[in-house]
Every structure is written in C-alpha cells, then in structure tokens.
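Student: Before I ask anything, let me first share the structure, which is written out below as structure tokens.
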Amino acid sequence: MSKLNFILLKIVRWSSWPLLPVLAGFLVTGYAMTGQHGFSRLLDEKTALTIHRMLHWPLIVLVLAHSVPAVYLAMQRWGWIKPRV
C-alpha cells in the first residue's frame, strides 16, 4: 500500500466517526421541524431549524472528506485507476 493510499484510508476512517453524530443530528432536527415520529417532543420547531441550519456546512465538509477518498480508493481497487508507484 502506497503512502497516499494509507493516508486516504485514514481520512476515510477518521471522517466517518464525526459524520455519524452530525448525520444523526441532521435527521433528528429535520424530523423535529416537521413533527414526524414524535421528534417534536425533543425540540421545538424554531430550535430545530436553528440547529438544522448550523449542521449544513459540517455535513457537507464531512461527506466530501469521507466520500471523495473512498471513491478514489474504490476505483483503484476495481482497476479503473492505476495505483501510483
């Protein structure tokens, strides 16, 4: 495994852990805003909307940090991209 692949694999693994609670928070606040599935009991609509809007950029950054290296490594594994020497 090359040094680049090792670093990309570490980025994929380390970005997945903060992505889980951010994604869970995004879903919970979204359901709390709409009042579905009883999540409106956790947060009122205004607070849920505020938190939901604050989670947009962290979610985008973490999804990109997680998926771009993962797709690159998958394409190498499938043979679509030749590994760097």
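Identifiers in the structure tokens: chain A, B, ... in order shown; residue index from 1 per chain; ligand index from 1 in order shown.
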Could you pull out the residues in chain A that DSSP calls alpha helix (DSSP H) from the backbone, as JSON, numbers by chain?

Tutor: {"A": [3, 4, 5, 6, 7, 8, 9, 10, 11, 12, 13, 14, 15, 16, 17, 18, 19, 20, 21, 22, 23, 24, 25, 26, 27, 28, 29, 30, 31, 32, 33, 34, 45, 46, 47, 48, 49, 50, 51, 52, 53, 54, 56, 57, 58, 59, 60, 61, 62, 63, 64, 65, 66, 67, 68, 69, 70, 71, 72, 73, 74, 75, 76, 77, 78]}

Student: Residues within 12 Å of A:Lys10, please, as a list in words. Count only C-alpha atoms; anything in the same chain fewer than 5 positions from it doesn't count.

Tutor: Lys3, Leu4, Asn5, Ser15, Ser16, Trp17, Ala65, His66, Pro69, Ala70 and Leu73 of chain A

Student: Let me make sure I understand: among A:Pro58, A:Tyr31, A:Lys82, A:Met75, which one has the smallest atom-to-atom distance to A:Glu45 if we use only C-alpha atoms?

Tutor: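 Closest to A:Glu45 of all the choices is A:Tyr31.
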
Student: Atom CA of A:Arg13 to atom CA of A:Ile60: how many Å, to one decimal?

Tutor: 16.6 Å

Student: Can you tell me how far atom CA of A:Trp80 sits from atom CA of A:Ile7, in Å to one decimal?

Tutor: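 Between atom CA of A:Trp80 and atom CA of A:Ile7 the gap is 19.9 Å.
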
Student: Take atom CA of A:Met33 and atom CA of A:Leu19 and report the distance between them in Å, one decimal.

Tutor: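 Result for atom CA of A:Met33 versus atom CA of A:Leu19: 21.0 Å, one decimal.
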
Student: Can you work out which one of A:Trp78, A:Trp14, A:Phe6, A:Phe39 has the shortest atom-to-atom distance to A:Val63, counting only C-alpha atoms?

Tutor: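 Of A:Trp78, A:Trp14, A:Phe6, A:Phe39, the one nearest A:Val63 is A:Trp14, counting only C-alpha atoms.
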